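Novice: Supplied in structure tokens, the structure appears directly below.
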Amino acid sequence: MKSFFVRGLALAVCACVWLPALVAAQEAGPGGGAEAKVIGDHVLVPVTLSTEAFRKETHLVLDYAATTPLHIYGQIFGAVRFGENERTLKILGAEGLRLEVPREGVRPTARGSPESNLLLYLGNRYSSELKEIDVAAILGGPVLRHFALGMNLDEGRVSFTPADEANAMDARLWAQSVITGLQTTEEGRVLAPVSHGDGRPSLMAINTAGYHSYVNAETVAALGHPSGDLPDLHFGAGDQRVGLSGMAALFPADFNDEPRFSPDWLVVPGLSLWTAYRLEINPAQGYLALEPVRTSNYSEADFEFYSAAAAGDRGKLQAYLRENPEDRNVAEAAEVLFGLGLEENASVEEQMEAVEYRLSATLERMKSDWLGQTALALHFSEERDARSALIVALAEKALEFIARSDNPGLRQQLQLMLGDRYLFAGEAEEAWKVLLAAGFNGDPQLDGVVRHELGRAYEALGRHRRAYSSYQRALSPLVQTPPDMQESARAGMDRIRPLLDPDDPLLAEEEES
């Protein structure tokens, strides 16, 4: 399947037709309203990124906690061009939305970064829901804080009103409650007051990315509620208080261990909470307006998963997975269970049960990739030999789905990994078979690796001439073989040379070269 970003790049470079609605948006003032979609636990807005020399139809992720004004996927960013003396990139919506981001605030995502991986995942995983239009950018806090950001995700709407054109008094005309006293930290995080129990004040960090609503595990444990079900939790303090408890299950998390959190905060809300409200966030004017649109978003399944994960209880996680096989958290719960299994040295059979749950919540075309990446992470870890049987089970399972994969090139990596692990287990014949197949399936840049690994297999089988020849070919200047494998190939030839006939043509060829 061709990547969205390859198709999107071509469209961005070639497109030159301006829609009348976008021209009108370009002439309007900043702000406006737009459709919003909650997809993949993120708020996505369909927009056009525009300059005098560039136009790109895409989806934008709204991330209030992001510190970069506008992140654009690296390959797409490479196509961005500005006109002479043009200082901003425009974000335009079909309904009149117009935002501008200073040129210096528009930055590419780094390859392999969390931002890059997120954009790639959303575009590929939800291609159908997005009607084949990619997700190429993340709009961060430095832009969002200049507006009164309105969200009614239940109706699929967002609005951007310039901050100085909105105020708490106007918000009280529609909102059930208006929480004042918002503050912005030096790092750009927007904090709102919350309180619990008899009114003890604390802080909530505004966040618009991700489903889970987190609560400080250390604080709730000290209050006697380690599962996160903190009663008498409120937005605001004093006379402003409005109930928060029971609106959504809260996920206890270590706020000391998460870089985007602070131990001074009590709550970091996610979409599990915000989808229950129409809200308006205006840090410049210091208020958060709230109007419930749902009675509650509380989920017993969420609570069961959160409490089991927070306690690190494999038994409770297994019970949650058995009882909630269709729940939205199954994939994540299975990964938590798998991780705990690694910590507790669970058997391969138990680990593969967790894997089956993970696969049940994974698209067919993405199964081999998840399995393969999980196996590769273990293969290149210090625990490779201790986890060898598990690596083999994961890689063999991945090959079952490779024919339907988004990433068929993973096949050769899986085969090379299996060959290495079969050799470790003393199964030279199996190693030879899978490595021979790897030689027919792959990247020419890995040819040196394949030749080296075949040399190891032939040597283990006692087929010395074949082994010597494979090691020789791994050292050919025509292939790219990693330095450590080159050294290994030379050592292998040194071991085998005394076992060959002195008149063997292989040795004669070596002397001539």
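Residue numbers start at 1 in each chain; chains themselves are named A, B, ... in the order of the structure tokens; ligands are numbered from 1 in the order shown.
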Using only C-alpha atoms, which residues sit within 9 Å of stretch 341-354 of chain A once same-chain residues fewer than 6 positions away are excluded, as number ranges by chain?
Specialist: A: 314, 318, 333-335, 387, 389-390, 393-394
Novice: Using only C-alpha atoms, which protein or nucleic acid residues come within 12 Å of A:Asn297? Drop anything in the same chain fewer than 6 positions from it, and give the result as a list of chain:residue names.
Specialist: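 Counting only the stated atoms, we get A:Asp154, A:Tyr211, A:His212, A:Ser213, A:Leu244, A:Ser245, A:Gly246, A:Met247, A:Ala248, A:Ala249, A:Leu250, A:Gly270, A:Leu271, A:Ser272, A:Leu273, A:Trp274, A:Thr275, A:Ala276, A:Tyr277, A:Phe303.
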Novice: Between stretch 328-437 of chain A and stretch 113-136 of chain A, at 9 Å or less, what are the per-residue closest atom pairs and their distances in Å? Count only C-alpha atoms, order by chain and rising residue number, and return it as CSV.
Specialist:
residue,atom,partner,partner_atom,distance
A:Leu363,CA,A:Arg125,CA,8.0
A:Met366,CA,A:Arg125,CA,8.2
A:Asp406,CA,A:Asn124,CA,8.9
Novice: Mind checking DSSP for stretch 326-395 of chain A and telling me the helix (DSSP H, G or I) residues as a count of residues only?
Specialist: 51
Novice: Stretch 185-188 of chain A: which residues within 12 Å, counting only C-alpha atoms, same-chain residues fewer than 6 positions away excluded, as a count of residues only?
Specialist: 22
Novice: Among stretch 65-158 of chain A, which residues does DSSP mark as strand (DSSP E or B) when it is run on the backbone? Keep the chain and numbering as in the structure and answer as JSON, numbers by chain.
Specialist: {"A": [70, 71, 72, 88, 89, 90, 91, 92, 98, 99, 100, 101, 102, 106, 107, 108, 135, 136, 137, 138, 139, 140, 147, 148, 149, 150, 151, 152, 157, 158]}
Novice: Could those selected residues go to a file with C-alpha atoms, as an mmCIF file, in the first residue's frame?
Specialist:
data_model
loop_
_atom_site.group_PDB
_atom_site.id
_atom_site.type_symbol
_atom_site.label_atom_id
_atom_site.label_comp_id
_atom_site.auth_asym_id
_atom_site.auth_seq_id
_atom_site.Cartn_x
_atom_site.Cartn_y
_atom_site.Cartn_z
ATOM 1 C CA LEU A 70 3.242 23.828 13.886
ATOM 2 C CA HIS A 71 4.933 20.497 13.248
ATOM 3 C CA ILE A 72 4.689 19.218 9.663
ATOM 4 C CA THR A 88 3.534 33.075 7.567
ATOM 5 C CA LEU A 89 1.984 29.764 6.625
ATOM 6 C CA LYS A 90 -1.812 29.858 6.476
ATOM 7 C CA ILE A 91 -4.133 27.187 7.842
ATOM 8 C CA LEU A 92 -7.426 27.435 5.958
ATOM 9 C CA ARG A 98 -8.038 31.061 8.930
ATOM 10 C CA LEU A 99 -4.979 30.741 11.171
ATOM 11 C CA GLU A 100 -1.462 31.982 10.498
ATOM 12 C CA VAL A 101 1.760 30.532 11.854
ATOM 13 C CA PRO A 102 5.013 32.520 11.620
ATOM 14 C CA VAL A 106 6.818 25.855 11.180
ATOM 15 C CA ARG A 107 9.136 22.899 11.725
ATOM 16 C CA PRO A 108 9.566 19.386 10.342
ATOM 17 C CA VAL A 135 -2.650 13.638 8.684
ATOM 18 C CA ALA A 136 0.375 15.828 8.070
ATOM 19 C CA ALA A 137 0.602 18.389 10.880
ATOM 20 C CA ILE A 138 0.279 19.042 14.620
ATOM 21 C CA LEU A 139 -0.902 22.453 15.841
ATOM 22 C CA GLY A 140 0.575 23.145 19.257
ATOM 23 C CA PHE A 147 -7.388 31.875 20.863
ATOM 24 C CA ALA A 148 -10.419 31.019 22.899
ATOM 25 C CA LEU A 149 -10.485 27.403 21.725
ATOM 26 C CA GLY A 150 -14.026 26.084 21.648
ATOM 27 C CA MET A 151 -14.695 22.355 21.381
ATOM 28 C CA ASN A 152 -17.953 20.443 21.178
ATOM 29 C CA ARG A 157 -17.088 21.137 16.079
ATOM 30 C CA VAL A 158 -14.158 23.361 17.056
#
Novice: Restricting the calculation to only C-alpha atoms: of A:Met417, A:Leu266, A:Val330, A:Ala310, which residue gets closest to A:Leu223?
Specialist: A:Leu266
Novice: Stretch 38-47 of chain A: which residues within 8 Å, counting only C-alpha atoms, same-chain residues fewer than 2 positions away excluded, as a ChimeraX atom specification?
Specialist: /A:34-36,49,57-62,91-94,122,126,153,156,208-211,271
Novice: So that I have them on file, write out the residues from the current selection with N, CA and C atoms, as a PDB file, in the first residue's frame.
Specialist:
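The result, stored in part_31.pdb:
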ATOM      1  N   ALA A  34     -14.696  25.118  12.456  1.00  0.00           N
ATOM      2  CA  ALA A  34     -14.380  24.017  11.551  1.00  0.00           C
ATOM      3  C   ALA A  34     -14.964  22.719  12.080  1.00  0.00           C
ATOM      4  N   GLU A  35     -15.089  21.778  11.173  1.00  0.00           N
ATOM      5  CA  GLU A  35     -15.451  20.410  11.543  1.00  0.00           C
ATOM      6  C   GLU A  35     -14.296  19.792  12.316  1.00  0.00           C
ATOM      7  N   ALA A  36     -14.600  18.921  13.260  1.00  0.00           N
ATOM      8  CA  ALA A  36     -13.564  18.199  13.995  1.00  0.00           C
ATOM      9  C   ALA A  36     -13.950  16.735  14.085  1.00  0.00           C
ATOM     10  N   LEU A  49      -3.124  23.557   4.225  1.00  0.00           N
ATOM     11  CA  LEU A  49      -1.921  24.317   4.561  1.00  0.00           C
ATOM     12  C   LEU A  49      -1.531  25.094   3.311  1.00  0.00           C
ATOM     13  N   GLU A  57      -3.847  19.823   1.087  1.00  0.00           N
ATOM     14  CA  GLU A  57      -5.046  19.407   1.801  1.00  0.00           C
ATOM     15  C   GLU A  57      -4.680  18.266   2.735  1.00  0.00           C
ATOM     16  N   THR A  58      -5.070  18.378   4.004  1.00  0.00           N
ATOM     17  CA  THR A  58      -4.650  17.381   4.980  1.00  0.00           C
ATOM     18  C   THR A  58      -5.545  17.459   6.206  1.00  0.00           C
ATOM     19  N   HIS A  59      -5.161  16.747   7.263  1.00  0.00           N
ATOM     20  CA  HIS A  59      -5.787  16.874   8.580  1.00  0.00           C
ATOM     21  C   HIS A  59      -4.739  17.374   9.565  1.00  0.00           C
ATOM     22  N   LEU A  60      -5.226  18.143  10.527  1.00  0.00           N
ATOM     23  CA  LEU A  60      -4.379  18.760  11.541  1.00  0.00           C
ATOM     24  C   LEU A  60      -4.728  18.172  12.902  1.00  0.00           C
ATOM     25  N   VAL A  61      -3.730  17.806  13.704  1.00  0.00           N
ATOM     26  CA  VAL A  61      -3.946  17.338  15.071  1.00  0.00           C
ATOM     27  C   VAL A  61      -3.867  18.540  16.010  1.00  0.00           C
ATOM     28  N   LEU A  62      -4.846  18.678  16.901  1.00  0.00           N
ATOM     29  CA  LEU A  62      -4.800  19.733  17.915  1.00  0.00           C
ATOM     30  C   LEU A  62      -4.179  19.166  19.185  1.00  0.00           C
ATOM     31  N   ILE A  91      -3.326  28.391   7.626  1.00  0.00           N
ATOM     32  CA  ILE A  91      -4.133  27.187   7.842  1.00  0.00           C
ATOM     33  C   ILE A  91      -5.562  27.582   7.532  1.00  0.00           C
ATOM     34  N   LEU A  92      -6.123  27.025   6.469  1.00  0.00           N
ATOM     35  CA  LEU A  92      -7.426  27.435   5.958  1.00  0.00           C
ATOM     36  C   LEU A  92      -8.416  26.287   6.038  1.00  0.00           C
ATOM     37  N   GLY A  93      -9.653  26.628   6.398  1.00  0.00           N
ATOM     38  CA  GLY A  93     -10.720  25.641   6.453  1.00  0.00           C
ATOM     39  C   GLY A  93     -11.836  25.994   5.491  1.00  0.00           C
ATOM     40  N   ALA A  94     -12.586  24.992   5.079  1.00  0.00           N
ATOM     41  CA  ALA A  94     -13.641  25.183   4.086  1.00  0.00           C
ATOM     42  C   ALA A  94     -14.755  26.091   4.585  1.00  0.00           C
ATOM     43  N   LEU A 122      -1.637   7.614  12.343  1.00  0.00           N
ATOM     44  CA  LEU A 122      -3.015   8.058  12.147  1.00  0.00           C
ATOM     45  C   LEU A 122      -3.424   7.972  10.679  1.00  0.00           C
ATOM     46  N   TYR A 126      -6.118   4.870   9.955  1.00  0.00           N
ATOM     47  CA  TYR A 126      -7.490   5.346   9.772  1.00  0.00           C
ATOM     48  C   TYR A 126      -7.725   5.894   8.365  1.00  0.00           C
ATOM     49  N   LEU A 153     -17.001  18.254  20.921  1.00  0.00           N
ATOM     50  CA  LEU A 153     -16.622  17.056  20.175  1.00  0.00           C
ATOM     51  C   LEU A 153     -17.791  16.108  19.997  1.00  0.00           C
ATOM     52  N   GLY A 156     -18.871  17.353  16.909  1.00  0.00           N
ATOM     53  CA  GLY A 156     -17.830  17.407  15.898  1.00  0.00           C
ATOM     54  C   GLY A 156     -17.498  18.811  15.448  1.00  0.00           C
ATOM     55  N   THR A 208      -5.295  18.154  25.126  1.00  0.00           N
ATOM     56  CA  THR A 208      -6.330  17.793  24.138  1.00  0.00           C
ATOM     57  C   THR A 208      -5.960  16.559  23.336  1.00  0.00           C
ATOM     58  N   ALA A 209      -4.878  15.875  23.694  1.00  0.00           N
ATOM     59  CA  ALA A 209      -4.418  14.716  22.914  1.00  0.00           C
ATOM     60  C   ALA A 209      -4.527  13.456  23.756  1.00  0.00           C
ATOM     61  N   GLY A 210      -5.054  12.381  23.180  1.00  0.00           N
ATOM     62  CA  GLY A 210      -5.150  11.105  23.864  1.00  0.00           C
ATOM     63  C   GLY A 210      -6.495  10.915  24.535  1.00  0.00           C
ATOM     64  N   TYR A 211      -6.870   9.670  24.711  1.00  0.00           N
ATOM     65  CA  TYR A 211      -8.165   9.343  25.303  1.00  0.00           C
ATOM     66  C   TYR A 211      -8.148   9.418  26.822  1.00  0.00           C
ATOM     67  N   LEU A 271      -9.544  12.925  26.196  1.00  0.00           N
ATOM     68  CA  LEU A 271     -10.820  12.991  25.487  1.00  0.00           C
ATOM     69  C   LEU A 271     -11.924  12.196  26.186  1.00  0.00           C
TER      70      LEU A 271
END
